[in-house]
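Here's the structure we're looking at; comments come further down.
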Amino acid sequence: MAKNRTFVLPLVLIAFLSSSVVHAQPSPSVQKRISQAIAAAANQSNPDYTAFVNPFIGTDNFGDVCPGASIPFGMAKFSTDMTGYAPAGYVVDPTQFIRGLSPLHDSGTGSSLGTYGNFEIMPLLCPRGFDTCTTTLAARERLRMNNTDGVCISWIFSLTLNNSIQMEATATRRAGLERFTFPSGLKPYFVLDLANDLPASFAGGQLNIDPAKGRITIGGFWGSSFGPGNFHYQAFACYDLLDGGKQQLDEYGVWTGDTEGLDAKGLGQTHLNLSINLIGGVYQSGALFSYANQPKTVNIRVGVSFRSEDQACANAESEALWQEKLSKIEIDIAGTPPNVTEMLYSSLYRASLTPNNATDETQGVFENTTSFYFDSLYCRSFRTFYPLMALHSPVEFAQIVDNYIDGWRKNGWMPECRSSGDNIVSHFAVNYHNEASRLGIDLNELYSALITDGEVNPPNGILKGVKQYGYVPFAVLDVSSTGRQTREGSRTLEYAFEDFGIRQVAQLLGKTDDVQKYTNRSLFYRNVWDANIASDGYTGFAQKRFSNGTFSFQDPECSLQGDNISGFYEASSWEYSWYDTFVKRLNHFFNAGYFDPGNEPSFQTPIGYHYANHPAQSVDQVRNVVFSNFDITPAGLPGNDDQAAMASLLSFHLLGLYPVPSTTQLLVLSPFTPKYTIHNSFLNVSTTVTTINFNSKSVQKIIPAGTAAYVQNVTVNGVPASSRCHFDFYDTFRLGGEVVITLTSDKTEADNCLGSVPESISAGGFAQPR
């Protein structure tokens with residue numbers, strides 16, 4: 001038995017025990033508070049940026065956002081778990097039932113089964129005593145009362161069940177505090193789960209009750225939501241029930257159940273040690289306990305760990321970081337439309353929810369690593385999430401890069417989606433190579449990890465085929481890899497971009513031979529171009545291709561399919577096929593409804609006009625994309641947030657920028673705010689972007705005629721930029737200073753770059769590193 005430790009929680013958590021928090025289900029009260037805060041901030045010199053955040057954006061319409069209590073990049077995210085489609089635990093849908101409150105969740109993932117949801121606790125009323133309590137999932141689930149869901153400024157998640165029991169929680173990085181308020185005069189009961197989690201993946205574990213200490217410890221194995229199905233992770237929880245001696249347990253025991261009628265309880269029993277049952281199912285199981293003296297309020301302290309029960313009991317620490325994180329970008333609140341302020345700071349909030357910092361919580365090959373460790377590294381976030389982090393948070397960016405490199409050290413390849421890490425670590429390298437050592441990154445080691453990803457196929461990965469065929473072949477014999485053969489067209493294109501990332505770092509390090517090699521491989525996207533395919537009157541489209549060189553015909557209009565047999569993933573061949581008649585194709589693409597704003601391959605498409613020297617049309621499309629697909633309601637995202645890929649995309653749109661991954665180039669659009677400042681505390685610089693002639697009337701889906709919204713010119717620290725379509729990180733946000741974007745209402749005059757178009761490797765761009 002582990003030595004007993006007492007939780008020491010920060011004052012910010014303890015203070016909420018004496019406060020009164022009543023909120024509405026996501027709106028009207030939540031929205032009213034945010035609107036009032038934005039209006040008041042117009043006259044404040046030091047506004048509370050946390051007051052502008054709406055955590056419920058993306059909790060409907062398959063946004064998969066977790067609105068629960070968390071700190072930036074916190075491992076613990078306290079939220080309710082609900083029935084139906086609820087990968088992040090919570091959904092706004094009032095017809096779904098609550099099955100418990102749990103401390104571990106992901107936010108914004110595309111996993112339909114969900115991730116985590118371990119250690120659910122559910123408050124109960126059992127007027128006929130212990131043996132009559134509804135412990136199984138189906139028996140205990142409840143609707144919540146309408147208009148009671150909320151997250152207050154102090155990041156307290158709150159929800160009231162339809163039996164008038166209120167549940168609240170607040171969090172530190174690996175711990176939290178739960179408060180339950182019961183109707184007066186009733187005895188509080190609680191059911192706490194051992195086996196249940198969101199994807200029903202329990203693979204064995206144990207639970208122990210120590211009634212003298214008032215503590216329940218839990219540990220077990222569960223299955224991952226992504227990756228190989230035979231992988232199981234360990235998780236542990238420690239529940240302190242006595243609130244420092246202020247509360248007294250009455251009854252306690254264990255229970256097991258299933259969906260076939262099993263509902264057994266053991267009053268006074270203190271131990272469970274269970275695995276899956278003999279025919280492969282999972283017994284629902286856990287602890288059941290009550291409190292003496294009918295307390296109206298019950299406080300329970302929770303620690304979680306991926307290492308041990310002892311570590312879970314020790315995991316309580318002080319973290320009050322949201323204001324510091326959100327204030328890295330400060331805007332002219334008075335001059336900015338309130339919905340833009342709310343969308344921006346809500347997006348910046350979600351862009352710091354994940355990945356989950358699980359440093360010192362490692363297991364398996366990463367056990368006792370001296371590197372940082374983050375959970376939930378989703379590969380598709382390379383387009384916007386990490387470039388946004390590069391602008392203001394290089395320390396956290398370096399910690400995640402360290403995690404990627406450590407994956408190469410321990411496993412032989414960088415983690416999660418393998419090669420997609422290439423553009424993440426290469427983006428860090430090209431932007432922070434001068435500071436890499438100070439940030440704890442060895443660039444030579446980083447480059448070795450990149451080369452392994454580019455050259456060596458993992459045995460459980462997916463066949464690249466690039467070196468042999470110059471593309472990922474369709475229907476080819478593969479005698480060494482267990483990876484699924486699918487998405488051959490889009491994988492060829494994405495591998496080419498990853499090879500571009502390797503090329504960028506090779507150039508940085510003076511690896512001349514590798515620069516030439518990976519420059520050539522970055523052009524392999526040409527190898528899946530079929531010049532003979534026609535669609536909607538346009539000829540030439542990307543197609544998947546057999547190993548003998550012939551193409552496998554797929555109708556470009558129908559190449560976005562859920563089963564991925566078309567050879568393209570999360571976008572159609574149309575999304576990838578820009579060639580001659582470029583602008584006409586782009587216009588047709590949007591007009592024909594082929595644009596899919598809910599997936600990452602579409603992120604840069606609205607800005608594609610920049611590359612054809614028509615930036616004013618990019619401005620029009622971005623306005624249309626934002627106001628057709630994003631808003632401040634729970635359904636305000638066009639797809640799942642995907643580790644804040646959507647959040648960071650919207651942030652860039654609102655700031656009037658778009659990043660080119662694995663480069664230092666930023667494309668210039670039209671900001672939705674008259675002025676903003678980005679602070680980079682590591683570099684000790686601040687960069688202010690001022691929008692001259694800003695007109696809030698332009699901030700809508702269709703820009704009214706005669707309204708200034710198009711970029712007339714750009715100056716950087718008083719010097720005219722060489723192009724009004726783009727500038728460089730090294731000239732702006734790395735140095736600090738003043739960027740001035742002057743707008744005009746003359747769309748025709750503004751519809752060219754007045755200098756160079758954004759660089760492309762196929763046109764000889766990126767010839768020198770910065």
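Convention: chains lettered A, B, ... in structure tokens order; per-chain residue numbering from 1; ligands numbered from 1 as shown.
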
Interface rows for range 271-376 of chain A against range 659-674 of chain A: nearest pair, Å to one decimal, 8 Å, only C-alpha atoms, as JSON lines:
{"residue": "A:Ile331", "atom": "CA", "partner": "A:Thr673", "partner_atom": "CA", "distance": 7.1}
{"residue": "A:Asp332", "atom": "CA", "partner": "A:Pro674", "partner_atom": "CA", "distance": 6.5}
{"residue": "A:Gly335", "atom": "CA", "partner": "A:Pro674", "partner_atom": "CA", "distance": 6.3}
{"residue": "A:Thr336", "atom": "CA", "partner": "A:Thr673", "partner_atom": "CA", "distance": 5.0}
{"residue": "A:Pro337", "atom": "CA", "partner": "A:Thr673", "partner_atom": "CA", "distance": 7.6}
{"residue": "A:Val340", "atom": "CA", "partner": "A:Phe672", "partner_atom": "CA", "distance": 7.1}

Open item on the list: List as an MDAnalysis selection string the protein and nucleic acid residues near range 725-741 of chain A, meaning an atom at most 7 Å away when only C-alpha atoms are counted, but skip any in the same chain fewer than 4 places from it.
Closed with: chainID A and resid 391 610 615 664:668 685:692 711 713:717 753 757:758

Task: Best match for closeness to Thr259 in chain A among A:Asn527, A:Thr136, A:Gln507, A:Gln712, counting only C-alpha atoms - done: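 Result for the nearest residue to Thr259 in chain A: A:Thr136.
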
Open item on the list: DSSP on the backbone, strand (DSSP E) only: what residues of range 144-245 of chain A does that give? Format it as a ChimeraX atom specification.
Closed with: /A:150-151,157-160,166-171,175-181,189-193,205-210,215-223,232-240

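With CA of Thr492 in chain A on one side and CA of Pro473 in chain A on the other, the separation reads 8.7 Å.
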
Task: Surrounding residues of Asp453 in chain A excluding itself and chain neighbours under 6 positions, 10 Å, only C-alpha atoms, as a ChimeraX atom specification - done: /A:408,412-414,418-422,447,498-499,502

Next, the residues of the selection above should be written as a short mmCIF file (atom, residue, chain, number, x, y, z; two decimals), in the first residue's frame with all heavy atoms.
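Result saved to again.cif:
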data_model
loop_
_atom_site.label_atom_id
_atom_site.label_comp_id
_atom_site.auth_asym_id
_atom_site.auth_seq_id
_atom_site.Cartn_x
_atom_site.Cartn_y
_atom_site.Cartn_z
N TRP A 408 11.45 9.20 -32.38
CA TRP A 408 12.44 8.60 -33.28
C TRP A 408 13.52 7.85 -32.49
O TRP A 408 13.91 6.74 -32.86
CB TRP A 408 13.04 9.70 -34.14
CG TRP A 408 14.30 9.32 -34.86
CD1 TRP A 408 14.41 8.55 -35.99
CD2 TRP A 408 15.63 9.70 -34.51
NE1 TRP A 408 15.72 8.42 -36.36
CE2 TRP A 408 16.50 9.12 -35.47
CE3 TRP A 408 16.18 10.47 -33.48
CZ2 TRP A 408 17.88 9.29 -35.41
CZ3 TRP A 408 17.54 10.65 -33.43
CH2 TRP A 408 18.38 10.06 -34.39
N GLY A 412 12.27 4.49 -33.46
CA GLY A 412 12.90 4.43 -34.78
C GLY A 412 12.29 5.37 -35.79
O GLY A 412 12.87 5.61 -36.84
N TRP A 413 11.10 5.91 -35.47
CA TRP A 413 10.42 6.87 -36.34
C TRP A 413 9.72 7.89 -35.46
O TRP A 413 9.42 7.63 -34.29
CB TRP A 413 9.38 6.19 -37.24
CG TRP A 413 9.95 5.29 -38.26
CD1 TRP A 413 10.31 5.60 -39.55
CD2 TRP A 413 10.24 3.89 -38.10
NE1 TRP A 413 10.80 4.49 -40.19
CE2 TRP A 413 10.77 3.42 -39.33
CE3 TRP A 413 10.11 2.98 -37.05
CZ2 TRP A 413 11.16 2.11 -39.53
CZ3 TRP A 413 10.50 1.66 -37.23
CH2 TRP A 413 11.02 1.24 -38.46
N MET A 414 9.41 9.04 -36.03
CA MET A 414 8.64 10.03 -35.27
C MET A 414 7.20 9.56 -35.11
O MET A 414 6.69 8.82 -35.95
CB MET A 414 8.73 11.39 -35.96
CG MET A 414 10.10 12.04 -35.80
SD MET A 414 10.19 13.76 -36.33
CE MET A 414 10.22 13.58 -38.12
N ARG A 418 3.42 9.02 -38.64
CA ARG A 418 4.78 8.92 -39.18
C ARG A 418 5.21 10.19 -39.89
O ARG A 418 5.51 11.17 -39.25
CB ARG A 418 4.90 7.69 -40.10
CG ARG A 418 4.54 6.38 -39.41
CD ARG A 418 5.45 6.08 -38.23
NE ARG A 418 5.13 4.80 -37.64
CZ ARG A 418 5.66 4.37 -36.51
NH1 ARG A 418 6.52 5.12 -35.84
NH2 ARG A 418 5.33 3.19 -36.03
N SER A 419 5.21 10.18 -41.20
CA SER A 419 5.88 11.25 -41.94
C SER A 419 5.25 12.61 -41.77
O SER A 419 5.88 13.61 -42.07
CB SER A 419 5.90 10.88 -43.43
OG SER A 419 6.65 9.71 -43.63
N SER A 420 4.01 12.69 -41.31
CA SER A 420 3.40 14.01 -41.17
C SER A 420 4.09 14.84 -40.11
O SER A 420 3.94 16.05 -40.07
CB SER A 420 1.91 13.86 -40.84
OG SER A 420 1.23 13.31 -41.94
N GLY A 421 4.86 14.19 -39.24
CA GLY A 421 5.68 14.95 -38.31
C GLY A 421 6.78 15.73 -39.01
O GLY A 421 7.35 16.67 -38.43
N ASP A 422 7.11 15.34 -40.25
CA ASP A 422 8.19 15.99 -40.96
C ASP A 422 7.95 17.49 -41.12
O ASP A 422 8.86 18.31 -40.94
CB ASP A 422 8.37 15.36 -42.35
CG ASP A 422 8.81 13.91 -42.29
OD1 ASP A 422 9.10 13.43 -41.18
OD2 ASP A 422 8.85 13.25 -43.34
N TYR A 447 17.41 16.43 -37.90
CA TYR A 447 17.57 16.08 -39.31
C TYR A 447 17.67 14.56 -39.49
O TYR A 447 17.13 14.01 -40.45
CB TYR A 447 18.80 16.76 -39.88
CG TYR A 447 18.94 16.58 -41.37
CD1 TYR A 447 18.01 17.16 -42.24
CD2 TYR A 447 19.98 15.83 -41.92
CE1 TYR A 447 18.11 16.99 -43.61
CE2 TYR A 447 20.09 15.67 -43.28
CZ TYR A 447 19.16 16.25 -44.13
OH TYR A 447 19.26 16.07 -45.49
N GLU A 498 5.99 16.55 -47.64
CA GLU A 498 6.87 16.20 -46.53
C GLU A 498 8.33 16.17 -46.97
O GLU A 498 9.23 16.60 -46.24
CB GLU A 498 6.43 14.86 -45.93
CG GLU A 498 5.11 14.99 -45.18
CD GLU A 498 4.25 13.76 -45.26
OE1 GLU A 498 4.78 12.69 -45.63
OE2 GLU A 498 3.04 13.85 -44.95
N ASP A 499 8.57 15.67 -48.20
CA ASP A 499 9.93 15.71 -48.73
C ASP A 499 10.41 17.15 -48.92
O ASP A 499 11.60 17.44 -48.77
CB ASP A 499 10.01 14.94 -50.05
CG ASP A 499 9.94 13.43 -49.85
OD1 ASP A 499 10.32 12.97 -48.76
OD2 ASP A 499 9.52 12.72 -50.78
N ILE A 502 11.79 18.16 -45.62
CA ILE A 502 13.14 17.63 -45.43
C ILE A 502 14.14 18.46 -46.23
O ILE A 502 15.23 18.78 -45.76
CB ILE A 502 13.20 16.15 -45.84
CG1 ILE A 502 12.23 15.31 -44.98
CG2 ILE A 502 14.62 15.61 -45.70
CD1 ILE A 502 12.13 13.86 -45.42
#

May I have the residues within 6 Å of Gly636 in chain A as a PDB file with N, CA, C and O atoms, in the first residue's frame, using only C-alpha atoms and disregarding those fewer than 4 positions away in the same chain?
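Just written: out_27.pdb:
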ATOM      1  N   ILE A  57     -18.246  26.654 -28.350  1.00  0.00           N
ATOM      2  CA  ILE A  57     -18.137  26.638 -29.805  1.00  0.00           C
ATOM      3  C   ILE A  57     -17.520  25.307 -30.225  1.00  0.00           C
ATOM      4  O   ILE A  57     -16.464  24.919 -29.752  1.00  0.00           O
ATOM      5  N   GLY A  58     -18.190  24.598 -31.125  1.00  0.00           N
ATOM      6  CA  GLY A  58     -17.689  23.317 -31.592  1.00  0.00           C
ATOM      7  C   GLY A  58     -18.175  22.126 -30.808  1.00  0.00           C
ATOM      8  O   GLY A  58     -17.725  21.000 -31.032  1.00  0.00           O
ATOM      9  N   PHE A 630     -18.198  29.420 -39.936  1.00  0.00           N
ATOM     10  CA  PHE A 630     -17.805  29.627 -38.541  1.00  0.00           C
ATOM     11  C   PHE A 630     -18.725  30.652 -37.890  1.00  0.00           C
ATOM     12  O   PHE A 630     -19.141  31.616 -38.530  1.00  0.00           O
ATOM     13  N   ASP A 631     -19.031  30.453 -36.617  1.00  0.00           N
ATOM     14  CA  ASP A 631     -19.768  31.465 -35.857  1.00  0.00           C
ATOM     15  C   ASP A 631     -19.549  31.205 -34.370  1.00  0.00           C
ATOM     16  O   ASP A 631     -18.693  30.399 -33.986  1.00  0.00           O
ATOM     17  N   ILE A 632     -20.315  31.874 -33.521  1.00  0.00           N
ATOM     18  CA  ILE A 632     -20.096  31.802 -32.074  1.00  0.00           C
ATOM     19  C   ILE A 632     -21.098  30.883 -31.392  1.00  0.00           C
ATOM     20  O   ILE A 632     -21.240  30.923 -30.168  1.00  0.00           O
TER      21      ILE A 632
END

- [ ] Choose the residue, out of A:Tyr658, A:Phe497, A:Val466, A:His679, that has the smallest atom-to-atom separation from Ile761 in chain A; count only C-alpha atoms.
- [x]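 Closest candidate: A:Phe497.
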
TODO: Tell me, as a list in words, which residues lie within 10 Å of Arg409 in chain A, counting only C-alpha atoms; anything in the same chain fewer than 6 positions away does not count.
DONE: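 Skipping anything fewer than 6 positions along the chain leaves Val365, Phe366, Asn403, Glu445, Ser448 and Ala449 of chain A.
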
Task: Residue nearest Phe78 in chain A - candidates A:Ile607, A:Val472, A:Ile276, A:Ala171, atoms counted: only C-alpha atoms - done: A:Ala171

Open item on the list: Show me, as a PyMOL selection string, the residues that have an atom within 6 Å of Ser107 in chain A when counting only C-alpha atoms, minus same-chain residues fewer than 6 positions from it.
Closed with: chain A and resi 65-66+88

- [ ] Identify which of the residues A:Asn629, A:Thr172, A:Ser201, A:Thr270 lies closest to Ile218 in chain A, counting only C-alpha atoms when measuring atom-to-atom distances.
- [x]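 Among the listed residues, the smallest separation from Ile218 in chain A belongs to A:Thr270.
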
Open item on the list: Just list as a PyMOL selection string whatever in range 451-536 of chain A DSSP marks as helix (DSSP H, G or I).
Closed with: chain A and resi 451-455+466-469+488-508+512-522+524-528

Store the residues picked out above, limited to C-alpha atoms, as an mmCIF file, in the first residue's frame.
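Output file out25.cif is given in full below:
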data_model
loop_
_atom_site.group_PDB
_atom_site.id
_atom_site.type_symbol
_atom_site.label_atom_id
_atom_site.label_comp_id
_atom_site.auth_asym_id
_atom_site.auth_seq_id
_atom_site.Cartn_x
_atom_site.Cartn_y
_atom_site.Cartn_z
ATOM 1 C CA ILE A 451 15.885 11.344 -42.969
ATOM 2 C CA THR A 452 14.653 8.160 -41.275
ATOM 3 C CA ASP A 453 11.058 9.155 -41.953
ATOM 4 C CA GLY A 454 11.946 9.950 -45.556
ATOM 5 C CA GLU A 455 13.911 6.793 -46.278
ATOM 6 C CA VAL A 466 8.211 6.699 -53.628
ATOM 7 C CA LYS A 467 11.812 5.643 -54.181
ATOM 8 C CA GLN A 468 10.862 2.783 -56.504
ATOM 9 C CA TYR A 469 7.972 4.255 -58.473
ATOM 10 C CA GLU A 488 -2.574 6.469 -52.858
ATOM 11 C CA GLY A 489 -3.239 9.714 -54.729
ATOM 12 C CA SER A 490 -3.353 12.066 -51.766
ATOM 13 C CA ARG A 491 -0.540 10.228 -49.985
ATOM 14 C CA THR A 492 1.733 10.763 -52.978
ATOM 15 C CA LEU A 493 0.950 14.470 -52.892
ATOM 16 C CA GLU A 494 1.386 14.760 -49.127
ATOM 17 C CA TYR A 495 4.620 12.754 -49.136
ATOM 18 C CA ALA A 496 5.920 15.175 -51.755
ATOM 19 C CA PHE A 497 5.193 18.050 -49.399
ATOM 20 C CA GLU A 498 6.873 16.200 -46.530
ATOM 21 C CA ASP A 499 9.931 15.709 -48.727
ATOM 22 C CA PHE A 500 9.842 19.464 -49.306
ATOM 23 C CA GLY A 501 10.076 19.895 -45.536
ATOM 24 C CA ILE A 502 13.137 17.628 -45.432
ATOM 25 C CA ARG A 503 14.614 19.617 -48.311
ATOM 26 C CA GLN A 504 14.180 22.855 -46.367
ATOM 27 C CA VAL A 505 16.158 21.576 -43.386
ATOM 28 C CA ALA A 506 18.812 20.025 -45.641
ATOM 29 C CA GLN A 507 19.286 23.444 -47.219
ATOM 30 C CA LEU A 508 19.514 25.019 -43.790
ATOM 31 C CA THR A 512 23.839 19.943 -50.796
ATOM 32 C CA ASP A 513 23.252 16.416 -52.114
ATOM 33 C CA ASP A 514 20.158 15.986 -49.990
ATOM 34 C CA VAL A 515 18.825 19.360 -51.117
ATOM 35 C CA GLN A 516 18.878 18.173 -54.718
ATOM 36 C CA LYS A 517 17.460 14.755 -53.875
ATOM 37 C CA TYR A 518 14.521 16.050 -51.843
ATOM 38 C CA THR A 519 13.863 18.937 -54.206
ATOM 39 C CA ASN A 520 13.332 16.335 -56.918
ATOM 40 C CA ARG A 521 11.152 14.193 -54.663
ATOM 41 C CA SER A 522 9.060 17.186 -53.660
ATOM 42 C CA PHE A 524 6.794 13.834 -57.423
ATOM 43 C CA TYR A 525 3.254 15.189 -57.179
ATOM 44 C CA ARG A 526 3.553 15.452 -60.969
ATOM 45 C CA ASN A 527 3.686 11.647 -61.214
ATOM 46 C CA VAL A 528 0.003 11.195 -60.335
#

Open item on the list: I'd like to know which of A:Leu743, A:Leu249, A:Ala612, A:Ala351 is closest to Asp641 in chain A, using only C-alpha atoms.
Closed with: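 Closest to Asp641 in chain A, using only C-alpha atoms: A:Ala351.
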
Task: For Ser184 in chain A: contacts at 8 Å, only C-alpha atoms, fewer than 3 positions along chain excluded, given as a list in words - done: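 Skipping anything fewer than 3 positions along the chain leaves Gln294, Pro295 and Lys296 of chain A.
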
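Minimum distance to Thr170 in chain A across A:Pro103, A:Gly117, A:Gly261, A:Gly510 (counting only C-alpha atoms) occurs at A:Pro103.
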